[in-house]
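All remarks here apply to the structure that follows.
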Amino acid sequence: MASLLYRLGRFSFRRRRLLLSIWLAALAVVVAGFGVAGSALDEQFSIPGSQSQQALDRLKAVEPAAGGVSGQIVFTAPPGHRITEQPYANGMAAALRDASHAPQVGAVIPPQKAGTVTRDGRTALAQVQYSVAGPDVKTTSVDALKDSAKPAEKAGLTVHVGGAVFASHGVQIGATEVIGVLVALVVLVITFGSLLAAGMPLITAIGGLAVSLSGLMLLGHVFSVSSTAITLAVMLGLAVGIDYTLFILSRHRAQLARGMDVEESAARALGTAGSAVAFAGLTVVVVLAGLSVVGIPFLTVMGLSGALTVVVAVLAATTLLPALLGFAGRRLVPKPTSRAARRETSTKPAMGARWIRATTRRPLLTVLAGVAALVVVALPARELQLALPDNGSAPQGSTQREAYDAVSHAFGPGFNGPLLVLADTSHAKGGPSGARSELSQVASDLKKMPGVAAVTPPQPTSSKTDQVLQLVPATAPDAKGTEDLVHSVRDYGDGVRAHSGVSLAVTGTTAVNVDVSSKLSASLVPFAAVVVGLCLIILLIVFRSLVVPLKATIGFLLSVAAAFGAVVAVFQWGWLADVLGVSRTGPVVSFLPVILMAVLFGLAMDYEVFVVAGIHEEYAHGSDPREAIQRGAPGAFRVVTAAALIMIAVFAGFVTLDDAIVKPIAFALAFGVLVDAFVVRMTLVPAVLTLVGRAGWWLPGWLARILPTVDIEGRGLPAAAHAGSHTAGHRPREVSHGR
């Protein structure tokens with residue numbers, strides 16, 4: 001790998017105009033295509049083949065108005081008045097009439113017919129059924145529904161418009177997310193001490209992100225790409241794009257400071273640091289693509305979207321960056337008085353070297369203290385609750401949040417997420433009369449079930465054999481009680497089918513969300529096993545050691561657990577909720593664990609490779625284990641520190657989004673990177689390697705013969721590649737493989 005990338009770096013440097021032209025042409029093509037075709041994002045969560053999805057598809061076929069997404073209009077009379085008073089009743093009737101004529105609306109169910117009027121007569125809830133699914137509802141249709149409330153408002157009623165239809169507008173990235181990029185620029189300027197050098201990672205990352213993002217928007221016309229997938233791609237594209245170029249550029253500048261030729265330095269930087277970048281990027285891509293094994297389409301697309309972005313980021317770092325290095329030429333050579341030049345000649349220990357000495361002076365104490373701290377932070381993770389967000393998690397002041405709160409206050413939280421029970425009577429014993437009798441009994445039994453607030457009588461559909469009951473839970477749509485109720489009704493339905501032949505299927509938006517969350521929870525352990533296994537295998541091949549993969553895997557699991565604990569503390573317990581703008585505490589988005597494990601795994605391997613590769617390189621060239629740590633780790637620490645700070649800044653910028661899906665994911669990633677980089681990789685790794693000594697690089701001989709040899713440190717490059725890299729007198733050692 002190192003030799004191939006060495007040649008690629010030299011080619012890109014020499015043919016820089018060609019490479020730059022290719023990238024500009026690719027950008028022009030995808031941007032032009034996006035400009036012509038526009039975007040086509042799909043925000044729908046579903047699991048094909050699940051009971052809820054099968055029933056919903058059938059319901060859409062026989063009764064489009066019942067199978068489409070729903071909206072709500074909440075009418076509230078002034079204190080001391082009732083909505084039945086003539087002015088208010090007229091205003092409400094006019095509003096409902098306008099709502100029924102709004103685009104894409106299939107039916108409007110007045111409060112009197114639905115029985116959704118409070119006992120004091122002050123508040124009424126009307127249901128609006130669209131004839132299409134949520135992603136197909138146009139923004140103009142939602143605006144028309146909002147406008148329909150005006151007659152009621154003129155009559156003196158307070159009106160809130162909400163419902164599931166408002167969950168389909170996607171994520172809007174604003175100016176506050178750019179703060180992370182500005183912080184990254186500051187970190188780069190401090191790291192390199194040069195605006196030219198600091199600008200190169202940003203140019204490369206933004207260029208690659210523009211290509212991948214425009215491409216994803218175009219693919220949205222072919223596949224169901226959600227705005228959450230786009231946002232994840234933006235976060236990853238910026239973070240890894242900047243970090244990958246930072247790793248390569250840091251090596252290039254260090255080599256230039258030692259007097260290496262510019263072209264040779266660019267090629268060698270790509271052959272050494274670029275090898276680690278390619279390996280790290282491949283790891284992230286494999287794990288993100290592995291999300292497809294979960295079997296949930298929207299999560300598969302999310303993983304593949306992120307993987308595509310990372311692939312483009314790696315391509316930009318390994319082709320576009322060397323071309324830019326060619327254009328920059330000797331202007332990137334650190335001035336003799338600069339900090340970068342002094343680092344290469346100074347005999348005074350740098351901050352990284354001092355930190356290494358501190359953490360390895362009493363390595364056992366360092367390990368015990370670090371692990372104990374991570375375990376304490378991870379303790380809240382035992383209470384992690386997962387669900388898909390609803391309008392109760394919408395920003396304070398939004399119309400859908402106000403409608404949600406008004407419904408919860410007047411009728412109960414369950415009215416925000418009613419369940420639909422589709423009854424198939426085609427095989428009912430006793431024919432139509434037996435079916436009617438059985439459904440009447442079903443409605444009566446459901447009303448008596450724990451956790452049920454209300455049940456409507458069976459309603460016929462255009463199909464002669466299908467009828468629909470609406471069941472209102474006593475708990476909120478994302479509550480554990482609602483999930484339990486869905487399973488209870490399904491268990492009850494099994495008994496009904498056995499003795500009467502009538503089949504009951506629980507569906508609706510809330511039931512679909514429950515099924516998605518259940519599927520994600522069930523897949524968490526298998527996916528974690530795949531990630532952990534992959535971590536062990538990859539590092540075993542790269543470092544040809546038993547201790548390094550085991551240590552890295554345990555460290556990764558500690559980082560993930562700590563991130564879960566922090567998420568629970570903030571988003572469920574409410575710690576710092578006001579500071580971070582958390583609208584409502586409660587369950588977090590159900591696909592956060594798999595996304596966090598997939599992304600953090602790749603980033604953790606980045607840092608592991610860059611820290612351990614330097615140590616391993618020194619050990620392979622004759623240093624004893626402790627000396628190898630003292631020599632090899634400090635240089636990597638400076639780069640890893642800058643990379644981690646950039647990652648944290650980029651992810652933290654997305655925590656400002658008022659989105660119940662993106663906010664906890666961005667927070668978890670930022671916190672996870674903070675813990676993994678500074679506690680695990682920069683503290684525990686050198687301490688553990690100091691404790692185990694030479695055993696850290698031991699591998700049984702039989703296993704060494706089986707494993708392929710992967711060169712990510714540039715050992716296969718010509719001897720001149722190592723000029724100035726090692727102290728005179730070091731001789732390469734044969735790393736022990738059980739002989």
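Identifiers for the structure tokens are assigned positionally: chains receive A, B, ... in sequence, residues are indexed from 1 per chain, and ligands are indexed from 1 in the order shown.
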
Q: Report the residues of stretch 180-408 of chain A whose backbone DSSP state falls under helix (DSSP H, G or I), written as an NGL selection string.
A: :A and (180-192 or 195-219 or 227-257 or 262-294 or 297-332 or 339-345 or 351-361 or 363-383 or 391-393 or 399-408)

Q.
Just list as number ranges by chain whatever in stretch 351-480 of chain A DSSP marks as strand (DSSP E).
A. A: 386-387, 419-424, 452-455, 459-460, 466-473

Q: Determine, counting only C-alpha atoms, which protein, DNA and RNA residues have an atom within 9 Å of an atom of A:Leu20; residues of the same chain fewer than 5 positions away are not included. Present the result as a list in words.
A: Arg15, Ala25, Thr319, Leu320, Ala323 and Leu324 of chain A

Expected file contents, prior selection, C-alpha atoms, as a PDB file, in the first residue's frame:
ATOM      1  CA  ARG A  15       0.433  16.195 -12.952  1.00  0.00           C
ATOM      2  CA  ALA A  25     -14.825  18.884 -13.787  1.00  0.00           C
ATOM      3  CA  THR A 319      -5.022  12.946  -5.081  1.00  0.00           C
ATOM      4  CA  LEU A 320      -6.225  16.529  -4.705  1.00  0.00           C
ATOM      5  CA  ALA A 323      -1.700  18.335  -6.425  1.00  0.00           C
ATOM      6  CA  LEU A 324      -2.205  21.342  -4.150  1.00  0.00           C
TER       7      LEU A 324
END

Q: Please provide the set of residues having any atom within 8 Å of A:Gly303, restricted to only C-alpha atoms, with same-chain residues fewer than 5 positions apart removed, written as a ChimeraX atom specification.
A: /A:229,288-292

Q: Determine, counting only C-alpha atoms, which protein, DNA and RNA residues have an atom within 12 Å of an atom of A:Ala569; residues of the same chain fewer than 6 positions away are not included. Present the result as a list in words.
A: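 Those residues are Val376, Val377, Ala378, Leu379, Pro380, Ala381, Arg382, Glu383, Leu384, Gln385, Ala562, Ala563, Trp575, Leu576, Ala577, Val582, Thr585, Gly586, Pro587, Val588, Pro664, Phe667 and Ala668 of chain A.
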
Q: Extract, using only C-alpha atoms, all DNA, RNA and protein residues at most 12 Å from A:Leu691, discarding same-chain residues fewer than 6 positions from it, and format them as a list in words.
A: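 In the requested form, the answer reads Thr359, Thr360, Arg361, Arg362, Pro363, Leu364, Leu365, Thr366, Val367, Leu368, Val547, Lys551, Pro625, Arg626, Ile629, Leu684 and Val685 of chain A.
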
How about saving the chosen residues, C-alpha atoms kept, as a compact mmCIF listing (two decimals), in the first residue's frame?
# COMPACT_ATOMS: atom_id res chain seq x y z
CA THR A 359 1.31 8.85 31.99
CA THR A 360 4.01 6.18 31.83
CA ARG A 361 5.79 7.06 35.08
CA ARG A 362 3.23 4.97 37.03
CA PRO A 363 1.44 3.13 34.22
CA LEU A 364 -0.68 0.88 36.43
CA LEU A 365 -2.07 3.87 38.32
CA THR A 366 -2.76 5.65 35.01
CA VAL A 367 -4.66 2.65 33.65
CA LEU A 368 -6.72 2.14 36.80
CA VAL A 547 -2.10 -7.07 22.83
CA LYS A 551 -6.28 -3.06 24.05
CA PRO A 625 9.59 -0.85 24.36
CA ARG A 626 9.71 2.09 26.77
CA ILE A 629 6.93 4.90 23.36
CA LEU A 684 -4.33 4.58 28.30
CA VAL A 685 -2.52 3.35 25.16

(Q) Env of A:Leu446: 8 Å cut, atoms = only C-alpha atoms, seq-sep filter 3 positions within chain, self excluded. Answer as a list in words. (A)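 The residues that qualify are Val442, Ala443, Met449, Val452, Val455, Leu471 and Val489 of chain A.
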
Take the residues just selected and output them with all heavy atoms as a short mmCIF file (atom, residue, chain, number, x, y, z; two decimals), in the first residue's frame.
data_model
loop_
_atom_site.label_atom_id
_atom_site.label_comp_id
_atom_site.auth_asym_id
_atom_site.auth_seq_id
_atom_site.Cartn_x
_atom_site.Cartn_y
_atom_site.Cartn_z
N VAL A 442 -64.16 -7.17 20.15
CA VAL A 442 -62.77 -6.71 20.12
C VAL A 442 -62.66 -5.29 20.65
O VAL A 442 -61.80 -4.96 21.47
CB VAL A 442 -62.20 -6.81 18.69
CG1 VAL A 442 -60.91 -6.00 18.57
CG2 VAL A 442 -61.94 -8.25 18.31
N ALA A 443 -63.57 -4.41 20.17
CA ALA A 443 -63.55 -3.02 20.63
C ALA A 443 -63.77 -2.94 22.13
O ALA A 443 -63.12 -2.16 22.84
CB ALA A 443 -64.60 -2.20 19.89
N MET A 449 -58.21 -2.92 28.16
CA MET A 449 -56.80 -3.26 28.31
C MET A 449 -56.06 -2.15 29.06
O MET A 449 -56.33 -0.97 28.86
CB MET A 449 -56.16 -3.46 26.93
CG MET A 449 -56.61 -4.72 26.22
SD MET A 449 -55.74 -4.99 24.66
CE MET A 449 -54.10 -5.38 25.27
N VAL A 452 -54.85 1.79 27.74
CA VAL A 452 -55.70 2.27 26.64
C VAL A 452 -56.56 3.43 27.15
O VAL A 452 -57.27 3.31 28.15
CB VAL A 452 -56.60 1.14 26.09
CG1 VAL A 452 -57.56 1.69 25.04
CG2 VAL A 452 -55.74 0.04 25.49
N VAL A 455 -61.03 3.91 22.47
CA VAL A 455 -61.11 3.06 21.28
C VAL A 455 -62.35 3.49 20.50
O VAL A 455 -63.44 3.59 21.07
CB VAL A 455 -61.21 1.56 21.63
CG1 VAL A 455 -61.38 0.73 20.34
CG2 VAL A 455 -59.98 1.10 22.39
N LEU A 471 -57.17 3.18 18.21
CA LEU A 471 -56.91 2.95 19.63
C LEU A 471 -55.96 4.03 20.13
O LEU A 471 -54.89 4.23 19.55
CB LEU A 471 -56.31 1.55 19.81
CG LEU A 471 -56.05 1.05 21.24
CD1 LEU A 471 -56.12 -0.48 21.27
CD2 LEU A 471 -54.69 1.50 21.76
N VAL A 489 -51.52 -5.70 22.29
CA VAL A 489 -52.62 -5.79 21.33
C VAL A 489 -52.33 -6.88 20.29
O VAL A 489 -53.23 -7.62 19.87
CB VAL A 489 -52.85 -4.43 20.65
CG1 VAL A 489 -53.90 -4.55 19.54
CG2 VAL A 489 -53.30 -3.40 21.67
#

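Residue nearest A:Ala317, chosen from A:Phe527, A:Pro87, A:Gly9, A:Val286 and counting only C-alpha atoms: A:Gly9.
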
Q) Any idea what the distance is between atom CA of A:Ala604 and atom CA of A:Pro549? A) 12.0 Å

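The residue that comes closest to A:Ala89, out of A:Asp143, A:Asp659, A:Asp243, A:Glu153 and on the basis of only C-alpha atoms, is A:Glu153.
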
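From atom CA of A:Ser212 back to atom CA of A:Arg10, the distance works out to 25.1 Å.
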
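In terms of minimum interatomic distance to A:Pro418, A:Gly163 ranks closest within A:Gly632, A:Pro201, A:Gly163, A:Pro48, counting only C-alpha atoms.
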
Q | Selected residue, from A:Ser393, A:Phe34, A:Phe564, A:Ala124, that lies nearest to A:Gly220 when counting only C-alpha atoms | A | A:Phe34

(Q) My list of candidates is A:Leu246, A:Met351, A:Ala164, A:Val502. Which is closest to A:Gly430 when distances are computed with only C-alpha atoms? (A) A:Val502

Q.
One decimal, in Å: what's the spacing between atom CA of A:Glu618 and atom CA of A:Val692?
A. 16.5 Å

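Restricting the calculation to only C-alpha atoms, the smallest distance between A:Leu188 and any of A:Ala93, A:Leu249, A:Leu125, A:Ala155 is found for A:Leu249.
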